[in-house]
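Everything below belongs to coords04.cif, which stores mmCIF, C-alpha atoms.
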```
data_run
#
loop_
_atom_site.label_atom_id
_atom_site.label_comp_id
_atom_site.auth_asym_id
_atom_site.auth_seq_id
_atom_site.Cartn_x
_atom_site.Cartn_y
_atom_site.Cartn_z
CA MET A 1 254.39 91.30 159.29
CA ASN A 2 256.95 93.25 161.30
CA VAL A 3 259.32 94.73 158.74
CA VAL A 4 262.81 95.76 159.84
CA PRO A 5 264.19 97.64 156.84
CA ASP A 6 267.87 97.01 157.51
CA LEU A 7 267.55 93.31 158.50
CA HIS A 8 267.85 92.18 154.89
CA ASP A 9 270.90 94.38 154.39
CA ARG A 10 272.52 93.18 157.65
CA ASN A 11 272.00 89.54 156.67
CA ILE A 12 273.53 90.05 153.22
CA ARG A 13 276.52 91.83 154.74
CA ALA A 14 276.88 89.09 157.38
CA VAL A 15 276.93 86.50 154.59
CA PHE A 16 279.70 88.51 152.92
CA ASP A 17 281.72 88.41 156.14
CA LEU A 18 281.33 84.63 156.29
CA LEU A 19 282.41 84.24 152.66
CA ASP A 20 285.48 86.45 153.09
CA ALA A 21 287.57 83.43 154.12
CA ASP A 22 290.85 85.30 154.48
CA GLY A 23 289.32 88.40 156.08
CA ASP A 24 290.83 90.83 153.59
CA GLY A 25 287.60 92.75 152.95
CA VAL A 26 286.90 91.29 149.51
CA ILE A 27 285.52 88.03 148.17
CA THR A 28 287.45 86.25 145.45
CA ALA A 29 287.09 82.95 143.64
CA ALA A 30 289.58 81.53 146.14
CA ASP A 31 287.36 82.57 149.08
CA VAL A 32 284.32 80.93 147.52
CA SER A 33 286.28 77.80 146.66
CA ALA A 34 287.59 77.61 150.23
CA MET A 35 284.04 77.88 151.57
CA ALA A 36 282.86 75.12 149.21
CA VAL A 37 285.67 72.87 150.46
CA ARG A 38 284.80 73.63 154.09
CA PHE A 39 281.13 72.83 153.45
CA CYS A 40 281.98 69.61 151.62
CA ASP A 41 284.28 68.56 154.43
CA ALA A 42 281.64 69.36 157.07
CA LEU A 43 278.99 67.49 155.10
CA ALA A 44 281.36 64.52 154.60
CA ILE A 45 280.92 64.67 150.83
CA THR A 46 284.48 65.63 149.82
CA GLY A 47 285.69 63.37 147.03
CA THR A 48 282.21 62.09 146.21
CA GLU A 49 280.07 62.80 143.17
CA LYS A 50 277.75 64.83 145.41
CA GLY A 51 280.74 66.84 146.64
CA THR A 52 281.89 67.51 143.09
CA GLN A 53 278.40 68.68 142.14
CA PHE A 54 278.19 70.84 145.26
CA ALA A 55 281.54 72.48 144.53
CA ALA A 56 280.39 73.10 140.95
CA LEU A 57 277.27 74.88 142.28
CA TRP A 58 279.49 77.16 144.37
CA ALA A 59 281.73 77.86 141.37
CA SER A 60 278.70 78.63 139.22
CA TRP A 61 277.35 80.95 141.88
CA TRP A 62 280.71 82.74 142.05
CA GLU A 63 280.68 83.29 138.29
CA GLN A 64 277.19 84.79 138.47
CA VAL A 65 277.83 87.02 141.46
CA ALA A 66 281.15 88.15 139.95
CA ALA A 67 279.40 89.02 136.68
CA ASP A 68 276.77 91.00 138.61
CA ALA A 69 278.91 92.58 141.33
CA ASP A 70 282.50 92.96 140.14
CA ALA A 71 282.04 96.36 138.51
CA ASP A 72 285.73 96.91 137.78
CA GLY A 73 286.41 93.32 136.68
CA ASP A 74 289.36 92.81 139.03
CA GLY A 75 288.10 89.45 140.37
CA ARG A 76 287.57 90.97 143.80
CA ILE A 77 284.12 91.82 145.13
CA SER A 78 283.90 94.37 147.91
CA ARG A 79 281.30 94.25 150.63
CA GLU A 80 279.45 97.14 148.97
CA GLU A 81 279.51 95.51 145.53
CA PHE A 82 278.25 92.22 147.00
CA ALA A 83 275.46 93.87 148.97
CA ALA A 84 274.35 95.99 146.00
CA ALA A 85 274.18 92.96 143.69
CA LEU A 86 272.32 90.68 146.09
CA LEU A 87 269.98 93.34 147.42
CA SER A 88 268.95 94.44 143.92
CA GLY A 89 268.86 90.93 142.50
CA ARG A 90 268.80 92.29 138.97
CA GLY A 91 265.40 93.81 139.75
CA ASP A 92 263.84 90.60 141.11
CA PRO A 93 265.64 89.38 144.25
CA ALA A 94 263.40 86.31 144.64
CA ALA A 95 264.09 85.12 141.09
CA TYR A 96 267.78 85.92 141.52
CA PHE A 97 267.87 83.82 144.69
CA ARG A 98 266.06 80.88 143.07
CA GLU A 99 268.43 80.95 140.08
CA GLN A 100 271.60 80.46 142.06
CA LEU A 101 271.32 80.24 145.82
CA GLY A 102 268.10 78.25 145.83
CA ARG A 103 269.87 75.35 144.13
CA MET A 104 272.73 75.57 146.62
CA ALA A 105 270.32 75.62 149.57
CA ALA A 106 268.55 72.52 148.23
CA ALA A 107 271.90 70.75 147.73
CA GLU A 108 273.01 71.67 151.27
CA ALA A 109 269.71 70.40 152.68
CA GLU A 110 270.05 67.13 150.79
CA ALA A 111 273.61 66.66 152.02
CA LEU A 112 272.60 67.48 155.61
CA ASP A 113 269.88 64.80 155.43
CA LYS A 114 272.36 62.03 156.17
CA ASP A 115 269.84 59.18 156.32
CA GLY A 116 267.67 60.34 153.42
CA ASP A 117 264.47 60.61 155.47
CA GLY A 118 263.77 64.23 154.44
CA TYR A 119 264.91 65.67 157.78
CA ILE A 120 268.02 67.35 159.14
CA GLU A 121 269.03 66.48 162.69
CA GLN A 122 270.16 69.20 165.08
CA ALA A 123 273.71 67.82 165.37
CA ASP A 124 274.19 67.85 161.58
CA TYR A 125 272.86 71.39 161.35
CA ALA A 126 275.13 72.54 164.18
CA ALA A 127 278.18 70.95 162.54
CA LEU A 128 277.51 72.81 159.31
CA PHE A 129 277.16 76.15 161.02
CA ALA A 130 280.28 75.52 163.09
CA VAL A 131 282.16 75.44 159.77
CA LEU A 132 281.11 79.03 159.30
CA GLY A 133 282.80 79.95 162.55
CA LEU A 134 279.54 80.87 164.20
CA PRO A 135 279.16 80.33 167.93
CA ALA A 136 277.19 77.17 168.75
CA GLU A 137 274.44 79.19 170.41
CA ILE A 138 273.74 81.05 167.16
CA GLY A 139 273.52 77.80 165.23
CA LEU A 140 271.25 76.24 167.82
CA ALA A 141 269.04 79.33 168.02
CA GLY A 142 268.69 79.29 164.23
CA PHE A 143 267.81 75.59 164.29
CA SER A 144 265.27 76.19 167.03
CA ARG A 145 263.53 78.87 164.97
CA LEU A 146 263.36 76.57 161.95
CA ASP A 147 262.10 73.62 164.04
CA ALA A 148 258.51 74.88 164.25
CA ASP A 149 257.11 71.74 165.89
CA HIS A 150 260.12 71.38 168.23
CA ASP A 151 260.71 67.72 167.41
CA GLY A 152 264.49 68.08 167.19
CA LYS A 153 264.67 67.97 163.41
CA ILE A 154 263.80 70.19 160.48
CA SER A 155 262.65 69.15 157.06
CA THR A 156 264.91 69.78 154.11
CA GLY A 157 262.16 72.11 152.86
CA GLU A 158 262.21 74.11 156.10
CA PHE A 159 265.99 74.45 155.79
CA ALA A 160 265.80 75.65 152.18
CA ALA A 161 263.00 78.08 153.11
CA GLY A 162 265.15 79.36 155.98
CA ILE A 163 268.01 80.09 153.61
CA ALA A 164 265.55 81.98 151.39
CA ASP A 165 264.44 84.01 154.43
CA LEU A 166 268.07 84.75 155.23
CA PHE A 167 268.67 86.22 151.78
CA LEU A 168 265.27 87.77 151.07
CA SER A 169 263.24 88.65 154.16
CA HIS A 170 262.87 91.91 156.02
CA ASP A 171 260.65 90.32 158.68
CA PRO A 172 262.41 89.15 161.87
CA ALA A 173 259.48 86.76 162.49
CA ASP A 174 260.53 84.69 159.46
CA PRO A 175 262.53 81.78 160.92
CA GLY A 176 265.51 81.97 158.59
CA THR A 177 266.31 85.62 159.18
CA ALA A 178 268.20 84.70 162.37
CA MET A 179 270.12 81.72 160.95
CA ILE A 180 273.47 83.47 161.25
CA GLY A 181 272.69 85.65 164.26
CA GLN A 182 271.13 88.77 162.78
CA THR A 183 267.95 89.85 164.55
#
```

Take the structure in this file and express it as structure tokens.
Amino acid sequence: MNVVPDLHDRNIRAVFDLLDADGDGVITAADVSAMAVRFCDALAITGTEKGTQFAALWASWWEQVAADADADGDGRISREEFAAALLSGRGDPAAYFREQLGRMAAAEAEALDKDGDGYIEQADYAALFAVLGLPAEIGLAGFSRLDADHDGKISTGEFAAGIADLFLSHDPADPGTAMIGQT
């Protein structure tokens, strides 16, 4: 294992930047809600039961991260507050991830699997990451790293594991660590 100590921190901070929808340097409930809407729109699940459930997962995650990170209770989470909460994970980052973000990753994977065959096609993956405002080459590079057998699709399990890498790993060899361009 090739550990890069700041990779985990850079990924968490990059996630913050993606969530800060209005670019004001803090995350609020409105930012998280806007991201949920963008994801639902990109996944073509807006207005469906699945979309409602997905949005509820995002809202639940916001409540948890706000409880853990919003030290002054102003409804605004700074980059430092966000990073501190996610990096510490209440003493067990893996359990913290599974509690909240793991469910969201599984729901995203399920929604990305348009035909229900257990796989996510490259075009669907790229569309989702375009919603984040990431350049296409970053999305495609992330997909390529997750597609271990290079068959042009990734399993929903590989996607969920990649999200876990993104939030938990310090090892640049783990496929998910580069999902949003951090290497």

*Have a look at A:Leu134, A:Ala21, A:Ala141, A:Leu146 and name the one nearest to Tyr119 (chain A); count all atoms listed in the file.*
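Using all atoms listed in the file, Tyr119 (chain A) sits closest to A:Leu146.
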
*So which residues get picked by the PyMOL selection byres ((chain A and resi 31-42) around 10) here, written as a PyMOL selection string?*
chain A and resi 18-23+26-30+43-48+50-52+54-59+61-62+76+108+111-112+124-125+127-132

Please list as a JSON list (two decimals) with C-alpha atoms, keeping the file's coordinate frame every residue within 12 Å of Arg90 (chain A), counting only C-alpha atoms and excluding residues in the same chain fewer than 4 positions away.
```json
[["chain", "number", "residue", "atom", "x", "y", "z"],
["A", 64, "GLN", "CA", 277.19, 84.79, 138.47],
["A", 65, "VAL", "CA", 277.83, 87.02, 141.46],
["A", 67, "ALA", "CA", 279.40, 89.02, 136.68],
["A", 68, "ASP", "CA", 276.77, 91.00, 138.61],
["A", 69, "ALA", "CA", 278.91, 92.58, 141.33],
["A", 84, "ALA", "CA", 274.35, 95.99, 146.00],
["A", 85, "ALA", "CA", 274.18, 92.96, 143.69],
["A", 86, "LEU", "CA", 272.32, 90.68, 146.09],
["A", 94, "ALA", "CA", 263.40, 86.31, 144.64],
["A", 95, "ALA", "CA", 264.09, 85.12, 141.09],
["A", 96, "TYR", "CA", 267.78, 85.92, 141.52],
["A", 97, "PHE", "CA", 267.87, 83.82, 144.69],
["A", 99, "GLU", "CA", 268.43, 80.95, 140.08]]
```

*Do you know which residues are at most 9 Å from region 149-157 of chain A counting only C-alpha atoms, after dropping those on the same chain fewer than 6 positions away, and could you put them as an NGL selection string?*
:A and (106 or 108-110 or 112-113 or 117-122 or 143)

*Interatomic distance, CA of Asp70 (chain A) to CA of Asp171 (chain A) (Å, one decimal)*: 28.8 Å

*Using CA of Arg10 (chain A) and CA of Gly139 (chain A) as the two end points, give the distance in Å to one decimal.*
17.2 Å

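When only C-alpha atoms are used to compute distances to Ala14 (chain A), the closest of the residues A:Asp115, A:Glu80, A:Asp147, A:Asp174 turns out to be A:Glu80.
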
Apply the PyMOL selection byres ((chain A and resi 178) around 9) to the file shown and report the selected residues as a CSV table (one decimal) with C-alpha atoms, keeping the file's coordinate frame.
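New file expr-v3.csv:
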```csv
chain,number,residue,atom,x,y,z
A,11,ASN,CA,272.0,89.5,156.7
A,138,ILE,CA,273.7,81.0,167.2
A,141,ALA,CA,269.0,79.3,168.0
A,142,GLY,CA,268.7,79.3,164.2
A,145,ARG,CA,263.5,78.9,165.0
A,162,GLY,CA,265.2,79.4,156.0
A,165,ASP,CA,264.4,84.0,154.4
A,166,LEU,CA,268.1,84.8,155.2
A,172,PRO,CA,262.4,89.2,161.9
A,173,ALA,CA,259.5,86.8,162.5
A,174,ASP,CA,260.5,84.7,159.5
A,175,PRO,CA,262.5,81.8,160.9
A,176,GLY,CA,265.5,82.0,158.6
A,177,THR,CA,266.3,85.6,159.2
A,179,MET,CA,270.1,81.7,161.0
A,180,ILE,CA,273.5,83.5,161.2
A,181,GLY,CA,272.7,85.6,164.3
A,182,GLN,CA,271.1,88.8,162.8
A,183,THR,CA,268.0,89.8,164.6
```

*Any idea what the distance is between CA of Phe167 (chain A) and CA of Arg79 (chain A)?*
15.0 Å

Complete region 71-88 of chain A with N, CA, C and O atoms (output as a PDB file, in the coordinates of the input).
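Listed below is the output, result.pdb:
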```pdb
ATOM      1  N   ALA A  71     282.162  95.252 139.458  1.00  0.00           N
ATOM      2  CA  ALA A  71     282.040  96.360 138.510  1.00  0.00           C
ATOM      3  C   ALA A  71     283.329  96.675 137.773  1.00  0.00           C
ATOM      4  O   ALA A  71     283.307  97.005 136.588  1.00  0.00           O
ATOM      5  N   ASP A  72     284.472  96.560 138.435  1.00  0.00           N
ATOM      6  CA  ASP A  72     285.730  96.910 137.780  1.00  0.00           C
ATOM      7  C   ASP A  72     286.455  95.704 137.185  1.00  0.00           C
ATOM      8  O   ASP A  72     287.543  95.836 136.628  1.00  0.00           O
ATOM      9  N   GLY A  73     285.868  94.516 137.313  1.00  0.00           N
ATOM     10  CA  GLY A  73     286.410  93.320 136.680  1.00  0.00           C
ATOM     11  C   GLY A  73     287.748  92.848 137.220  1.00  0.00           C
ATOM     12  O   GLY A  73     288.481  92.136 136.537  1.00  0.00           O
ATOM     13  N   ASP A  74     288.049  93.187 138.486  1.00  0.00           N
ATOM     14  CA  ASP A  74     289.360  92.810 139.030  1.00  0.00           C
ATOM     15  C   ASP A  74     289.338  91.452 139.749  1.00  0.00           C
ATOM     16  O   ASP A  74     290.338  91.041 140.324  1.00  0.00           O
ATOM     17  N   GLY A  75     288.192  90.754 139.711  1.00  0.00           N
ATOM     18  CA  GLY A  75     288.100  89.450 140.370  1.00  0.00           C
ATOM     19  C   GLY A  75     287.958  89.535 141.872  1.00  0.00           C
ATOM     20  O   GLY A  75     288.062  88.527 142.556  1.00  0.00           O
ATOM     21  N   ARG A  76     287.706  90.731 142.363  1.00  0.00           N
ATOM     22  CA  ARG A  76     287.570  90.970 143.800  1.00  0.00           C
ATOM     23  C   ARG A  76     286.257  91.729 144.014  1.00  0.00           C
ATOM     24  O   ARG A  76     286.055  92.777 143.419  1.00  0.00           O
ATOM     25  N   ILE A  77     285.397  91.184 144.867  1.00  0.00           N
ATOM     26  CA  ILE A  77     284.120  91.820 145.130  1.00  0.00           C
ATOM     27  C   ILE A  77     284.152  92.409 146.541  1.00  0.00           C
ATOM     28  O   ILE A  77     284.371  91.687 147.518  1.00  0.00           O
ATOM     29  N   SER A  78     283.935  93.702 146.609  1.00  0.00           N
ATOM     30  CA  SER A  78     283.900  94.370 147.910  1.00  0.00           C
ATOM     31  C   SER A  78     282.554  94.087 148.591  1.00  0.00           C
ATOM     32  O   SER A  78     281.595  93.621 147.966  1.00  0.00           O
ATOM     33  N   ARG A  79     282.534  94.409 149.844  1.00  0.00           N
ATOM     34  CA  ARG A  79     281.300  94.250 150.630  1.00  0.00           C
ATOM     35  C   ARG A  79     280.168  95.065 150.007  1.00  0.00           C
ATOM     36  O   ARG A  79     279.033  94.594 149.896  1.00  0.00           O
ATOM     37  N   GLU A  80     280.468  96.280 149.577  1.00  0.00           N
ATOM     38  CA  GLU A  80     279.450  97.140 148.970  1.00  0.00           C
ATOM     39  C   GLU A  80     278.973  96.581 147.635  1.00  0.00           C
ATOM     40  O   GLU A  80     277.773  96.608 147.339  1.00  0.00           O
ATOM     41  N   GLU A  81     279.892  96.100 146.812  1.00  0.00           N
ATOM     42  CA  GLU A  81     279.510  95.510 145.530  1.00  0.00           C
ATOM     43  C   GLU A  81     278.622  94.276 145.745  1.00  0.00           C
ATOM     44  O   GLU A  81     277.612  94.092 145.057  1.00  0.00           O
ATOM     45  N   PHE A  82     279.006  93.436 146.694  1.00  0.00           N
ATOM     46  CA  PHE A  82     278.250  92.220 147.000  1.00  0.00           C
ATOM     47  C   PHE A  82     276.843  92.577 147.470  1.00  0.00           C
ATOM     48  O   PHE A  82     275.852  92.035 146.973  1.00  0.00           O
ATOM     49  N   ALA A  83     276.758  93.480 148.427  1.00  0.00           N
ATOM     50  CA  ALA A  83     275.460  93.870 148.970  1.00  0.00           C
ATOM     51  C   ALA A  83     274.583  94.478 147.869  1.00  0.00           C
ATOM     52  O   ALA A  83     273.398  94.125 147.758  1.00  0.00           O
ATOM     53  N   ALA A  84     275.138  95.349 147.061  1.00  0.00           N
ATOM     54  CA  ALA A  84     274.350  95.990 146.000  1.00  0.00           C
ATOM     55  C   ALA A  84     273.798  94.944 145.031  1.00  0.00           C
ATOM     56  O   ALA A  84     272.621  94.998 144.649  1.00  0.00           O
ATOM     57  N   ALA A  85     274.620  93.980 144.639  1.00  0.00           N
ATOM     58  CA  ALA A  85     274.180  92.960 143.690  1.00  0.00           C
ATOM     59  C   ALA A  85     273.094  92.075 144.283  1.00  0.00           C
ATOM     60  O   ALA A  85     272.063  91.814 143.640  1.00  0.00           O
ATOM     61  N   LEU A  86     273.303  91.591 145.505  1.00  0.00           N
ATOM     62  CA  LEU A  86     272.320  90.680 146.090  1.00  0.00           C
ATOM     63  C   LEU A  86     271.047  91.397 146.525  1.00  0.00           C
ATOM     64  O   LEU A  86     269.961  90.825 146.419  1.00  0.00           O
ATOM     65  N   LEU A  87     271.170  92.612 147.001  1.00  0.00           N
ATOM     66  CA  LEU A  87     269.980  93.340 147.420  1.00  0.00           C
ATOM     67  C   LEU A  87     269.114  93.735 146.223  1.00  0.00           C
ATOM     68  O   LEU A  87     267.885  93.706 146.310  1.00  0.00           O
ATOM     69  N   SER A  88     269.738  94.069 145.107  1.00  0.00           N
ATOM     70  CA  SER A  88     268.950  94.440 143.920  1.00  0.00           C
ATOM     71  C   SER A  88     268.470  93.218 143.163  1.00  0.00           C
ATOM     72  O   SER A  88     267.406  93.238 142.556  1.00  0.00           O
TER      73      SER A  88
END
```
